[in-house]
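Enquirer: If you scroll down you'll find the structure; I have some questions about it.
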Amino acid sequence: MKTTDTPESGPSGTPSDAEAAKVPAQRAGTAPAKSSEGHVLNVFSHGMLILWAIMVVLPLFWAVMSSFKTDSDIFNTPWSLPSSLNFDSWGRAWSQAHMSEYFLNTILVVGGSLVGTLVLGSMAAYVLARFEFPGNRFIYFLFVGGMSFPIMLALVPLFYVMDNMGLLNTIHGLIAVYIAYSLPFTVFFLTSFFRTLPTSVAEASIIDGASHTRTFFQVMLPMAKPGLISVGIFNFLGQWNQYMLPTVLNTDPEKRVLAQGLVELAASQGYKGDYSGLFAGLVIAMLPVLAAYIIFQRQVVSGLTAGALK
C-alpha cells in the first residue's frame, strides 16, 4: 500500500531539524522580492515629488531673484544670483506703477468678499446639512450645479445687471460678485464637512436652552474651524488671482486690483523693458498668497482629511 511521505519527527513529534531549517530559508527567499518592490516604488514616488517640487519652486525662486537684479543683469546673467540687492525696482513697482493702490484695492475686495463668503456659505451649508425640509436636496444640487456654470456665459448679462444697479466700477459691487462667484463651492465643501461633525453636541446645546442661532455661532462654527480655513484658503487663492471679473466690471483705473495692475504694468512698458520692476510687481502680488498658505497649511490638510476620519 502506497503512503505519502511524512517529514521526519523528533522524539516529541516535532519536525526534524532539517525540515525546520527549510521554513526560514523559504521565508528568507520571498522577503527580498517584496522589499525590493517597495524600495523601487519609494524611489519612484520620491523622485516624482522632487521633480514636481523643482518645477514649482524654481520659477518662484527665479522671479524673486530677478526682482533684485537690474535689467542688464537679467539679460546678461539670467541664472546667476544677483551681485547686490537692488531695491530700486521694488520702489518703482510700488510707487510709480501704482502697485500700492492696487494692493490696497485687492485687500479691500478680497477681505470683504472672503468674510461674506464664509459667513453666508457656512450658514447655508449648516442648514442644508442639519435640517430636513422640502426642497433641501434641490437647493443643494442647485449650488452644486453653480460650480459647473461657466463664468464666461454670465459676463454680458452680469455687466448689464451691475450697470442697472449702479454697482459698476465700485468696490462693494465687486465684493458682491466675488461672493456670488465663490458661494457654490463654499456651500458644497462645508455641507459635506458639517455632516461629519457629531450631532450630539448640537443636541446637547439645544436641550440646555440654546437657540439654533446660538448653537450655530458658538458651538458648531468653532468645531468647523478646519473646514472654514481650508475653504477660505481656496477662495482666497481664487479671488486674489481673479482677473476676468474685475476686467469686465471694474474699468476705473483708480479701483483696479493687482491682477489688472500687473497686466497694465507689463503693457505700459512697451519698448522700455523695465523687467526688474515687472518681476518686483509680480513678487508683491505673489507674497500674500505664499504667506497665507505657509501659515495655514496644516489647517488646510486637516480640513481636507476631516471627512475621511469620521
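By convention in this document, the chains of the C-alpha cells carry letters A, B, ... by their order, each chain's residues are numbered from 1, and ligands are numbered from 1 in the order they are shown.
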Could you please write out, as a JSON list (two decimals) with N, CA, C and O atoms, in the first residue's frame, every residue of segment 187-302 of chain A that DSSP assigns to helix (DSSP H, G or I)?

Expert:
```json
[["chain", "number", "residue", "atom", "x", "y", "z"],
["A", 187, "VAL", "N", -20.47, 76.31, -0.27],
["A", 187, "VAL", "CA", -21.61, 75.55, 0.27],
["A", 187, "VAL", "C", -21.40, 74.06, 0.05],
["A", 187, "VAL", "O", -21.67, 73.24, 0.95],
["A", 188, "PHE", "N", -20.93, 73.68, -1.11],
["A", 188, "PHE", "CA", -20.69, 72.26, -1.38],
["A", 188, "PHE", "C", -19.64, 71.68, -0.43],
["A", 188, "PHE", "O", -19.82, 70.58, 0.12],
["A", 189, "PHE", "N", -18.57, 72.40, -0.21],
["A", 189, "PHE", "CA", -17.49, 71.91, 0.65],
["A", 189, "PHE", "C", -17.95, 71.84, 2.11],
["A", 189, "PHE", "O", -17.75, 70.83, 2.79],
["A", 190, "LEU", "N", -18.57, 72.90, 2.61],
["A", 190, "LEU", "CA", -18.93, 72.96, 4.02],
["A", 190, "LEU", "C", -20.13, 72.08, 4.35],
["A", 190, "LEU", "O", -20.25, 71.63, 5.49],
["A", 191, "THR", "N", -21.00, 71.83, 3.39],
["A", 191, "THR", "CA", -22.11, 70.90, 3.66],
["A", 191, "THR", "C", -21.59, 69.52, 3.99],
["A", 191, "THR", "O", -22.03, 68.87, 4.95],
["A", 192, "SER", "N", -20.65, 69.05, 3.20],
["A", 192, "SER", "CA", -20.04, 67.74, 3.50],
["A", 192, "SER", "C", -19.28, 67.77, 4.82],
["A", 192, "SER", "O", -19.27, 66.79, 5.56],
["A", 193, "PHE", "N", -18.68, 68.90, 5.15],
["A", 193, "PHE", "CA", -17.91, 68.98, 6.40],
["A", 193, "PHE", "C", -18.84, 69.00, 7.61],
["A", 193, "PHE", "O", -18.57, 68.34, 8.62],
["A", 194, "PHE", "N", -19.95, 69.75, 7.55],
["A", 194, "PHE", "CA", -20.87, 69.80, 8.68],
["A", 194, "PHE", "C", -21.52, 68.45, 8.94],
["A", 194, "PHE", "O", -21.90, 68.14, 10.08],
["A", 195, "ARG", "N", -21.68, 67.63, 7.91],
["A", 195, "ARG", "CA", -22.26, 66.30, 8.10],
["A", 195, "ARG", "C", -21.33, 65.37, 8.87],
["A", 195, "ARG", "O", -21.80, 64.38, 9.45],
["A", 196, "THR", "N", -20.05, 65.67, 8.89],
["A", 196, "THR", "CA", -19.11, 64.83, 9.64],
["A", 196, "THR", "C", -19.03, 65.21, 11.12],
["A", 196, "THR", "O", -18.48, 64.45, 11.91],
["A", 199, "THR", "N", -23.55, 65.11, 15.98],
["A", 199, "THR", "CA", -24.84, 65.77, 16.25],
["A", 199, "THR", "C", -25.14, 65.85, 17.75],
["A", 199, "THR", "O", -25.97, 66.66, 18.15],
["A", 200, "SER", "N", -24.48, 65.03, 18.56],
["A", 200, "SER", "CA", -24.77, 65.02, 19.99],
["A", 200, "SER", "C", -24.44, 66.36, 20.65],
["A", 200, "SER", "O", -25.12, 66.79, 21.58],
["A", 201, "VAL", "N", -23.41, 67.03, 20.17],
["A", 201, "VAL", "CA", -23.03, 68.32, 20.76],
["A", 201, "VAL", "C", -24.10, 69.36, 20.49],
["A", 201, "VAL", "O", -24.50, 70.11, 21.39],
["A", 202, "ALA", "N", -24.60, 69.41, 19.25],
["A", 202, "ALA", "CA", -25.66, 70.37, 18.92],
["A", 202, "ALA", "C", -26.94, 70.04, 19.67],
["A", 202, "ALA", "O", -27.64, 70.94, 20.17],
["A", 203, "GLU", "N", -27.27, 68.75, 19.80],
["A", 203, "GLU", "CA", -28.47, 68.37, 20.54],
["A", 203, "GLU", "C", -28.36, 68.72, 22.01],
["A", 203, "GLU", "O", -29.33, 69.15, 22.64],
["A", 204, "ALA", "N", -27.16, 68.57, 22.57],
["A", 204, "ALA", "CA", -26.96, 68.92, 23.98],
["A", 204, "ALA", "C", -27.15, 70.42, 24.20],
["A", 204, "ALA", "O", -27.74, 70.85, 25.20],
["A", 205, "SER", "N", -26.67, 71.24, 23.29],
["A", 205, "SER", "CA", -26.83, 72.69, 23.43],
["A", 205, "SER", "C", -28.29, 73.09, 23.29],
["A", 205, "SER", "O", -28.76, 74.01, 23.98],
["A", 206, "ILE", "N", -29.03, 72.42, 22.41],
["A", 206, "ILE", "CA", -30.46, 72.72, 22.27],
["A", 206, "ILE", "C", -31.21, 72.33, 23.54],
["A", 206, "ILE", "O", -32.09, 73.07, 24.02],
["A", 207, "ILE", "N", -30.86, 71.20, 24.14],
["A", 207, "ILE", "CA", -31.50, 70.77, 25.38],
["A", 207, "ILE", "C", -31.20, 71.75, 26.52],
["A", 207, "ILE", "O", -32.05, 72.02, 27.37],
["A", 212, "HIS", "N", -31.12, 77.97, 17.92],
["A", 212, "HIS", "CA", -30.39, 77.44, 16.77],
["A", 212, "HIS", "C", -29.28, 78.41, 16.34],
["A", 212, "HIS", "O", -28.20, 77.97, 15.94],
["A", 213, "THR", "N", -29.57, 79.71, 16.43],
["A", 213, "THR", "CA", -28.55, 80.69, 16.05],
["A", 213, "THR", "C", -27.35, 80.63, 16.98],
["A", 213, "THR", "O", -26.20, 80.63, 16.54],
["A", 214, "ARG", "N", -27.62, 80.55, 18.28],
["A", 214, "ARG", "CA", -26.52, 80.47, 19.25],
["A", 214, "ARG", "C", -25.77, 79.15, 19.12],
["A", 214, "ARG", "O", -24.53, 79.12, 19.25],
["A", 215, "THR", "N", -26.49, 78.08, 18.87],
["A", 215, "THR", "CA", -25.83, 76.79, 18.67],
["A", 215, "THR", "C", -24.89, 76.83, 17.47],
["A", 215, "THR", "O", -23.77, 76.30, 17.51],
["A", 216, "PHE", "N", -25.34, 77.48, 16.41],
["A", 216, "PHE", "CA", -24.51, 77.54, 15.21],
["A", 216, "PHE", "C", -23.26, 78.37, 15.44],
["A", 216, "PHE", "O", -22.14, 77.92, 15.15],
["A", 217, "PHE", "N", -23.41, 79.59, 15.97],
["A", 217, "PHE", "CA", -22.27, 80.50, 16.07],
["A", 217, "PHE", "C", -21.33, 80.15, 17.22],
["A", 217, "PHE", "O", -20.12, 80.37, 17.11],
["A", 218, "GLN", "N", -21.85, 79.60, 18.32],
["A", 218, "GLN", "CA", -21.00, 79.35, 19.49],
["A", 218, "GLN", "C", -20.57, 77.90, 19.64],
["A", 218, "GLN", "O", -19.62, 77.63, 20.39],
["A", 219, "VAL", "N", -21.24, 76.98, 18.97],
["A", 219, "VAL", "CA", -20.90, 75.56, 19.13],
["A", 219, "VAL", "C", -20.40, 74.96, 17.83],
["A", 219, "VAL", "O", -19.27, 74.44, 17.76],
["A", 220, "MET", "N", -21.23, 75.01, 16.78],
["A", 220, "MET", "CA", -20.90, 74.30, 15.55],
["A", 220, "MET", "C", -19.84, 75.03, 14.72],
["A", 220, "MET", "O", -18.96, 74.39, 14.13],
["A", 221, "LEU", "N", -19.92, 76.35, 14.68],
["A", 221, "LEU", "CA", -18.94, 77.08, 13.86],
["A", 221, "LEU", "C", -17.51, 76.93, 14.38],
["A", 221, "LEU", "O", -16.59, 76.74, 13.58],
["A", 222, "PRO", "N", -17.27, 77.01, 15.71],
["A", 222, "PRO", "CA", -15.90, 76.73, 16.17],
["A", 222, "PRO", "C", -15.43, 75.31, 15.87],
["A", 222, "PRO", "O", -14.24, 75.09, 15.61],
["A", 223, "MET", "N", -16.35, 74.35, 15.90],
["A", 223, "MET", "CA", -15.96, 72.98, 15.57],
["A", 223, "MET", "C", -15.61, 72.84, 14.09],
["A", 223, "MET", "O", -14.83, 71.94, 13.72],
["A", 225, "LYS", "N", -13.89, 74.91, 12.35],
["A", 225, "LYS", "CA", -12.76, 75.79, 12.04],
["A", 225, "LYS", "C", -11.81, 75.21, 10.99],
["A", 225, "LYS", "O", -11.40, 75.93, 10.07],
["A", 226, "PRO", "N", -11.43, 73.92, 11.06],
["A", 226, "PRO", "CA", -10.55, 73.39, 10.00],
["A", 226, "PRO", "C", -11.16, 73.48, 8.60],
["A", 226, "PRO", "O", -10.47, 73.83, 7.63],
["A", 227, "GLY", "N", -12.45, 73.19, 8.50],
["A", 227, "GLY", "CA", -13.11, 73.29, 7.20],
["A", 227, "GLY", "C", -13.21, 74.72, 6.72],
["A", 227, "GLY", "O", -13.04, 75.00, 5.53],
["A", 228, "LEU", "N", -13.47, 75.65, 7.63],
["A", 228, "LEU", "CA", -13.54, 77.06, 7.25],
["A", 228, "LEU", "C", -12.19, 77.57, 6.75],
["A", 228, "LEU", "O", -12.12, 78.33, 5.78],
["A", 229, "ILE", "N", -11.12, 77.17, 7.42],
["A", 229, "ILE", "CA", -9.79, 77.60, 6.99],
["A", 229, "ILE", "C", -9.45, 77.01, 5.63],
["A", 229, "ILE", "O", -8.90, 77.69, 4.75],
["A", 230, "SER", "N", -9.80, 75.75, 5.41],
["A", 230, "SER", "CA", -9.49, 75.11, 4.13],
["A", 230, "SER", "C", -10.22, 75.79, 2.98],
["A", 230, "SER", "O", -9.61, 76.17, 1.97],
["A", 231, "VAL", "N", -11.54, 75.96, 3.11],
["A", 231, "VAL", "CA", -12.29, 76.59, 2.03],
["A", 231, "VAL", "C", -11.94, 78.07, 1.92],
["A", 231, "VAL", "O", -11.99, 78.65, 0.83],
["A", 232, "GLY", "N", -11.55, 78.69, 3.04],
["A", 232, "GLY", "CA", -11.12, 80.08, 2.99],
["A", 232, "GLY", "C", -9.84, 80.25, 2.18],
["A", 232, "GLY", "O", -9.70, 81.22, 1.43],
["A", 233, "ILE", "N", -8.90, 79.31, 2.33],
["A", 233, "ILE", "CA", -7.67, 79.38, 1.56],
["A", 233, "ILE", "C", -7.94, 79.22, 0.07],
["A", 233, "ILE", "O", -7.41, 79.97, -0.77],
["A", 234, "PHE", "N", -8.80, 78.27, -0.29],
["A", 234, "PHE", "CA", -9.13, 78.07, -1.69],
["A", 234, "PHE", "C", -9.82, 79.31, -2.28],
["A", 234, "PHE", "O", -9.51, 79.72, -3.40],
["A", 235, "ASN", "N", -10.76, 79.89, -1.53],
["A", 235, "ASN", "CA", -11.43, 81.09, -2.01],
["A", 235, "ASN", "C", -10.46, 82.27, -2.09],
["A", 235, "ASN", "O", -10.54, 83.09, -3.01],
["A", 236, "PHE", "N", -9.55, 82.35, -1.13],
["A", 236, "PHE", "CA", -8.58, 83.43, -1.14],
["A", 236, "PHE", "C", -7.70, 83.35, -2.39],
["A", 236, "PHE", "O", -7.44, 84.36, -3.05],
["A", 237, "LEU", "N", -7.25, 82.15, -2.72],
["A", 237, "LEU", "CA", -6.42, 81.99, -3.92],
["A", 237, "LEU", "C", -7.18, 82.36, -5.18],
["A", 237, "LEU", "O", -6.67, 83.06, -6.06],
["A", 238, "GLY", "N", -8.42, 81.89, -5.27],
["A", 238, "GLY", "CA", -9.21, 82.18, -6.46],
["A", 238, "GLY", "C", -9.56, 83.64, -6.60],
["A", 238, "GLY", "O", -9.51, 84.21, -7.70],
["A", 239, "GLN", "N", -9.92, 84.28, -5.49],
["A", 239, "GLN", "CA", -10.31, 85.69, -5.54],
["A", 239, "GLN", "C", -9.10, 86.61, -5.71],
["A", 239, "GLN", "O", -9.19, 87.64, -6.37],
["A", 240, "TRP", "N", -8.00, 86.26, -5.10],
["A", 240, "TRP", "CA", -6.80, 87.10, -5.21],
["A", 240, "TRP", "C", -6.27, 87.11, -6.65],
["A", 240, "TRP", "O", -5.81, 88.15, -7.14],
["A", 244, "MET", "N", -10.64, 88.03, -14.78],
["A", 244, "MET", "CA", -11.69, 88.24, -15.75],
["A", 244, "MET", "C", -12.81, 89.13, -15.22],
["A", 244, "MET", "O", -13.24, 90.09, -15.89],
["A", 245, "LEU", "N", -13.29, 88.84, -14.02],
["A", 245, "LEU", "CA", -14.40, 89.61, -13.45],
["A", 245, "LEU", "C", -14.03, 91.08, -13.24],
["A", 245, "LEU", "O", -14.80, 91.96, -13.65],
["A", 246, "PRO", "N", -12.92, 91.41, -12.60],
["A", 246, "PRO", "CA", -12.61, 92.83, -12.45],
["A", 246, "PRO", "C", -12.33, 93.54, -13.77],
["A", 246, "PRO", "O", -12.58, 94.73, -13.90],
["A", 247, "THR", "N", -11.81, 92.82, -14.77],
["A", 247, "THR", "CA", -11.56, 93.44, -16.06],
["A", 247, "THR", "C", -12.85, 93.89, -16.73],
["A", 247, "THR", "O", -12.93, 94.96, -17.35],
["A", 248, "VAL", "N", -13.92, 93.08, -16.58],
["A", 248, "VAL", "CA", -15.21, 93.41, -17.20],
["A", 248, "VAL", "C", -16.00, 94.40, -16.35],
["A", 248, "VAL", "O", -16.63, 95.32, -16.88],
["A", 249, "LEU", "N", -15.97, 94.24, -15.03],
["A", 249, "LEU", "CA", -16.85, 95.01, -14.15],
["A", 249, "LEU", "C", -16.16, 96.19, -13.48],
["A", 249, "LEU", "O", -16.83, 96.96, -12.78],
["A", 253, "PRO", "N", -9.56, 103.18, -13.55],
["A", 253, "PRO", "CA", -8.13, 102.97, -13.24],
["A", 253, "PRO", "C", -7.80, 103.11, -11.76],
["A", 253, "PRO", "O", -6.84, 102.49, -11.29],
["A", 254, "GLU", "N", -8.57, 103.90, -11.01],
["A", 254, "GLU", "CA", -8.27, 104.09, -9.60],
["A", 254, "GLU", "C", -8.74, 102.93, -8.74],
["A", 254, "GLU", "O", -8.38, 102.86, -7.56],
["A", 255, "LYS", "N", -9.55, 102.05, -9.27],
["A", 255, "LYS", "CA", -10.09, 100.93, -8.49],
["A", 255, "LYS", "C", -9.62, 99.57, -9.03],
["A", 255, "LYS", "O", -10.24, 98.55, -8.74],
["A", 258, "LEU", "N", -4.85, 93.91, -8.20],
["A", 258, "LEU", "CA", -3.47, 93.56, -8.54],
["A", 258, "LEU", "C", -3.35, 92.85, -9.89],
["A", 258, "LEU", "O", -2.39, 93.09, -10.63],
["A", 259, "ALA", "N", -4.27, 91.96, -10.19],
["A", 259, "ALA", "CA", -4.19, 91.25, -11.47],
["A", 259, "ALA", "C", -4.27, 92.23, -12.63],
["A", 259, "ALA", "O", -3.52, 92.12, -13.61],
["A", 260, "GLN", "N", -5.15, 93.20, -12.53],
["A", 260, "GLN", "CA", -5.22, 94.24, -13.57],
["A", 260, "GLN", "C", -3.96, 95.10, -13.57],
["A", 260, "GLN", "O", -3.48, 95.50, -14.63],
["A", 261, "GLY", "N", -3.44, 95.40, -12.38],
["A", 261, "GLY", "CA", -2.25, 96.23, -12.29],
["A", 261, "GLY", "C", -1.03, 95.58, -12.92],
["A", 261, "GLY", "O", -0.22, 96.25, -13.56],
["A", 262, "LEU", "N", -0.89, 94.25, -12.75],
["A", 262, "LEU", "CA", 0.24, 93.55, -13.36],
["A", 262, "LEU", "C", 0.15, 93.57, -14.89],
["A", 262, "LEU", "O", 1.16, 93.77, -15.57],
["A", 263, "VAL", "N", -1.04, 93.37, -15.42],
["A", 263, "VAL", "CA", -1.21, 93.42, -16.87],
["A", 263, "VAL", "C", -0.93, 94.84, -17.38],
["A", 263, "VAL", "O", -0.27, 95.02, -18.41],
["A", 264, "GLU", "N", -1.41, 95.84, -16.64],
["A", 264, "GLU", "CA", -1.15, 97.22, -17.03],
["A", 264, "GLU", "C", 0.33, 97.54, -16.95],
["A", 264, "GLU", "O", 0.88, 98.25, -17.82],
["A", 265, "LEU", "N", 1.01, 97.01, -15.93],
["A", 265, "LEU", "CA", 2.44, 97.24, -15.80],
["A", 265, "LEU", "C", 3.21, 96.62, -16.95],
["A", 265, "LEU", "O", 4.15, 97.22, -17.50],
["A", 266, "ALA", "N", 2.83, 95.41, -17.36],
["A", 266, "ALA", "CA", 3.50, 94.75, -18.47],
["A", 266, "ALA", "C", 3.22, 95.46, -19.79],
["A", 266, "ALA", "O", 4.11, 95.59, -20.65],
["A", 267, "ALA", "N", 1.98, 95.92, -19.98],
["A", 267, "ALA", "CA", 1.62, 96.57, -21.24],
["A", 267, "ALA", "C", 2.19, 97.98, -21.35],
["A", 267, "ALA", "O", 2.52, 98.44, -22.44],
["A", 268, "SER", "N", 2.32, 98.67, -20.21],
["A", 268, "SER", "CA", 2.79, 100.05, -20.25],
["A", 268, "SER", "C", 4.29, 100.15, -20.48],
["A", 268, "SER", "O", 4.80, 101.23, -20.82],
["A", 269, "GLN", "N", 5.02, 99.05, -20.30],
["A", 269, "GLN", "CA", 6.47, 99.11, -20.50],
["A", 269, "GLN", "C", 6.81, 99.35, -21.97],
["A", 269, "GLN", "O", 7.76, 100.07, -22.27],
["A", 275, "TYR", "N", 12.05, 95.21, -16.87],
["A", 275, "TYR", "CA", 11.71, 93.86, -16.44],
["A", 275, "TYR", "C", 11.95, 93.66, -14.95],
["A", 275, "TYR", "O", 11.25, 92.85, -14.32],
["A", 276, "SER", "N", 12.89, 94.33, -14.38],
["A", 276, "SER", "CA", 13.11, 94.20, -12.94],
["A", 276, "SER", "C", 11.90, 94.74, -12.16],
["A", 276, "SER", "O", 11.48, 94.14, -11.17],
["A", 277, "GLY", "N", 11.33, 95.86, -12.62],
["A", 277, "GLY", "CA", 10.12, 96.37, -11.98],
["A", 277, "GLY", "C", 8.94, 95.43, -12.16],
["A", 277, "GLY", "O", 8.11, 95.28, -11.25],
["A", 278, "LEU", "N", 8.86, 94.79, -13.33],
["A", 278, "LEU", "CA", 7.78, 93.83, -13.57],
["A", 278, "LEU", "C", 7.91, 92.62, -12.65],
["A", 278, "LEU", "O", 6.92, 92.13, -12.09],
["A", 279, "PHE", "N", 9.13, 92.11, -12.48],
["A", 279, "PHE", "CA", 9.34, 90.99, -11.57],
["A", 279, "PHE", "C", 9.05, 91.40, -10.13],
["A", 279, "PHE", "O", 8.50, 90.61, -9.35],
["A", 280, "ALA", "N", 9.40, 92.63, -9.76],
["A", 280, "ALA", "CA", 9.10, 93.09, -8.41],
["A", 280, "ALA", "C", 7.59, 93.17, -8.18],
["A", 280, "ALA", "O", 7.09, 92.78, -7.12],
["A", 281, "GLY", "N", 6.85, 93.69, -9.16],
["A", 281, "GLY", "CA", 5.40, 93.72, -9.03],
["A", 281, "GLY", "C", 4.79, 92.33, -8.94],
["A", 281, "GLY", "O", 3.84, 92.09, -8.19],
["A", 282, "LEU", "N", 5.36, 91.38, -9.69],
["A", 282, "LEU", "CA", 4.88, 90.00, -9.64],
["A", 282, "LEU", "C", 5.10, 89.40, -8.26],
["A", 282, "LEU", "O", 4.23, 88.72, -7.71],
["A", 283, "VAL", "N", 6.27, 89.66, -7.67],
["A", 283, "VAL", "CA", 6.56, 89.11, -6.33],
["A", 283, "VAL", "C", 5.66, 89.77, -5.29],
["A", 283, "VAL", "O", 5.20, 89.11, -4.35],
["A", 284, "ILE", "N", 5.39, 91.07, -5.43],
["A", 284, "ILE", "CA", 4.49, 91.75, -4.49],
["A", 284, "ILE", "C", 3.10, 91.12, -4.52],
["A", 284, "ILE", "O", 2.47, 90.93, -3.48],
["A", 285, "ALA", "N", 2.62, 90.79, -5.70],
["A", 285, "ALA", "CA", 1.30, 90.15, -5.81],
["A", 285, "ALA", "C", 1.31, 88.71, -5.33],
["A", 285, "ALA", "O", 0.28, 88.17, -4.92],
["A", 286, "MET", "N", 2.48, 88.08, -5.35],
["A", 286, "MET", "CA", 2.59, 86.66, -5.02],
["A", 286, "MET", "C", 2.82, 86.41, -3.53],
["A", 286, "MET", "O", 2.41, 85.36, -3.00],
["A", 287, "LEU", "N", 3.44, 87.34, -2.84],
["A", 287, "LEU", "CA", 3.83, 87.12, -1.45],
["A", 287, "LEU", "C", 2.65, 86.83, -0.52],
["A", 287, "LEU", "O", 2.73, 85.93, 0.32],
["A", 288, "PRO", "N", 1.54, 87.59, -0.57],
["A", 288, "PRO", "CA", 0.43, 87.27, 0.35],
["A", 288, "PRO", "C", -0.12, 85.87, 0.18],
["A", 288, "PRO", "O", -0.51, 85.23, 1.16],
["A", 289, "VAL", "N", -0.17, 85.39, -1.05],
["A", 289, "VAL", "CA", -0.68, 84.04, -1.29],
["A", 289, "VAL", "C", 0.25, 83.00, -0.67],
["A", 289, "VAL", "O", -0.20, 82.05, 0.00],
["A", 290, "LEU", "N", 1.54, 83.15, -0.87],
["A", 290, "LEU", "CA", 2.50, 82.21, -0.29],
["A", 290, "LEU", "C", 2.47, 82.26, 1.23],
["A", 290, "LEU", "O", 2.51, 81.22, 1.90],
["A", 291, "ALA", "N", 2.38, 83.46, 1.78],
["A", 291, "ALA", "CA", 2.35, 83.59, 3.24],
["A", 291, "ALA", "C", 1.11, 82.94, 3.83],
["A", 291, "ALA", "O", 1.17, 82.26, 4.86],
["A", 292, "ALA", "N", -0.04, 83.14, 3.18],
["A", 292, "ALA", "CA", -1.28, 82.55, 3.69],
["A", 292, "ALA", "C", -1.22, 81.03, 3.67],
["A", 292, "ALA", "O", -1.64, 80.37, 4.63],
["A", 293, "TYR", "N", -0.67, 80.47, 2.60],
["A", 293, "TYR", "CA", -0.61, 79.01, 2.53],
["A", 293, "TYR", "C", 0.40, 78.45, 3.51],
["A", 293, "TYR", "O", 0.16, 77.40, 4.14],
["A", 294, "ILE", "N", 1.54, 79.09, 3.68],
["A", 294, "ILE", "CA", 2.56, 78.60, 4.61],
["A", 294, "ILE", "C", 2.02, 78.63, 6.04],
["A", 294, "ILE", "O", 2.25, 77.70, 6.83],
["A", 295, "ILE", "N", 1.29, 79.67, 6.39],
["A", 295, "ILE", "CA", 0.79, 79.81, 7.76],
["A", 295, "ILE", "C", -0.30, 78.77, 8.04],
["A", 295, "ILE", "O", -0.33, 78.17, 9.12],
["A", 296, "PHE", "N", -1.19, 78.53, 7.06],
["A", 296, "PHE", "CA", -2.36, 77.70, 7.32],
["A", 296, "PHE", "C", -2.28, 76.34, 6.63],
["A", 296, "PHE", "O", -3.31, 75.69, 6.45],
["A", 297, "GLN", "N", -1.09, 75.87, 6.26],
["A", 297, "GLN", "CA", -1.02, 74.62, 5.51],
["A", 297, "GLN", "C", -1.49, 73.42, 6.34],
["A", 297, "GLN", "O", -2.14, 72.51, 5.81],
["A", 298, "ARG", "N", -1.21, 73.41, 7.63],
["A", 298, "ARG", "CA", -1.66, 72.29, 8.46],
["A", 298, "ARG", "C", -3.18, 72.27, 8.58],
["A", 298, "ARG", "O", -3.81, 71.21, 8.53],
["A", 299, "GLN", "N", -3.78, 73.45, 8.74],
["A", 299, "GLN", "CA", -5.24, 73.51, 8.83],
["A", 299, "GLN", "C", -5.88, 73.10, 7.52],
["A", 299, "GLN", "O", -6.95, 72.49, 7.51],
["A", 300, "VAL", "N", -5.24, 73.42, 6.40],
["A", 300, "VAL", "CA", -5.79, 73.03, 5.11],
["A", 300, "VAL", "C", -5.79, 71.51, 4.98],
["A", 300, "VAL", "O", -6.80, 70.91, 4.59],
["A", 301, "VAL", "N", -4.71, 70.86, 5.34],
["A", 301, "VAL", "CA", -4.63, 69.41, 5.25],
["A", 301, "VAL", "C", -5.62, 68.74, 6.20],
["A", 301, "VAL", "O", -6.33, 67.79, 5.85],
["A", 302, "SER", "N", -5.72, 69.25, 7.44],
["A", 302, "SER", "CA", -6.64, 68.67, 8.41],
["A", 302, "SER", "C", -8.09, 68.88, 7.97],
["A", 302, "SER", "O", -8.94, 68.01, 8.17]]
```

Enquirer: Could you tell me which of A:Leu118, A:Thr106, A:Ala125, A:Phe141 comes closest to Leu174 of chain A if we count only C-alpha atoms?

Expert: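 Among the listed residues, A:Thr106 lies closest to Leu174 of chain A.
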
Enquirer: Quick one, how far is atom CA of Thr170 of chain A from atom CA of Ala154 of chain A?

Expert: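 Straight-line distance from atom CA of Thr170 of chain A to atom CA of Ala154 of chain A works out to 18.7 Å.
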
Enquirer: Could you check how far atom CA of Asn76 of chain A sits from atom CA of Trp62 of chain A, in Å to one decimal?

Expert: 14.4 Å

Enquirer: Quick check, in Å to one decimal: how far apart do atom CA of Val161 of chain A and atom CA of Gly173 of chain A lie?

Expert: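 Separation of atom CA of Val161 of chain A and atom CA of Gly173 of chain A: 10.8 Å.
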
Enquirer: From the options A:Glu132, A:Asp163, A:Asp88, A:Asp252, which residue's atoms come nearest to Tyr102 of chain A, counting only C-alpha atoms?

Expert: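 Closest to Tyr102 of chain A of all the choices is A:Asp252.
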
Enquirer: Which residue is closest to Leu114 of chain A? Choose from A:Ser148, A:Thr186, A:Ser67, A:Asn136 and count only C-alpha atoms.

Expert: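 When distances to Leu114 of chain A are compared using only C-alpha atoms, the smallest one comes from A:Thr186.
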
Enquirer: Restricting the calculation to only C-alpha atoms, which member of A:Leu128, A:Trp90, A:Val57, A:Leu51 is positioned closest to Thr70 of chain A?

Expert: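 When distances to Thr70 of chain A are compared using only C-alpha atoms, the smallest one comes from A:Trp90.
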
Enquirer: For a quick check of understanding, using only C-alpha atoms, which of A:Val115, A:Ile171, A:Val110, A:Val40 has the smallest distance to Arg256 of chain A?

Expert: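 Smallest distance to Arg256 of chain A is found for A:Ile171.
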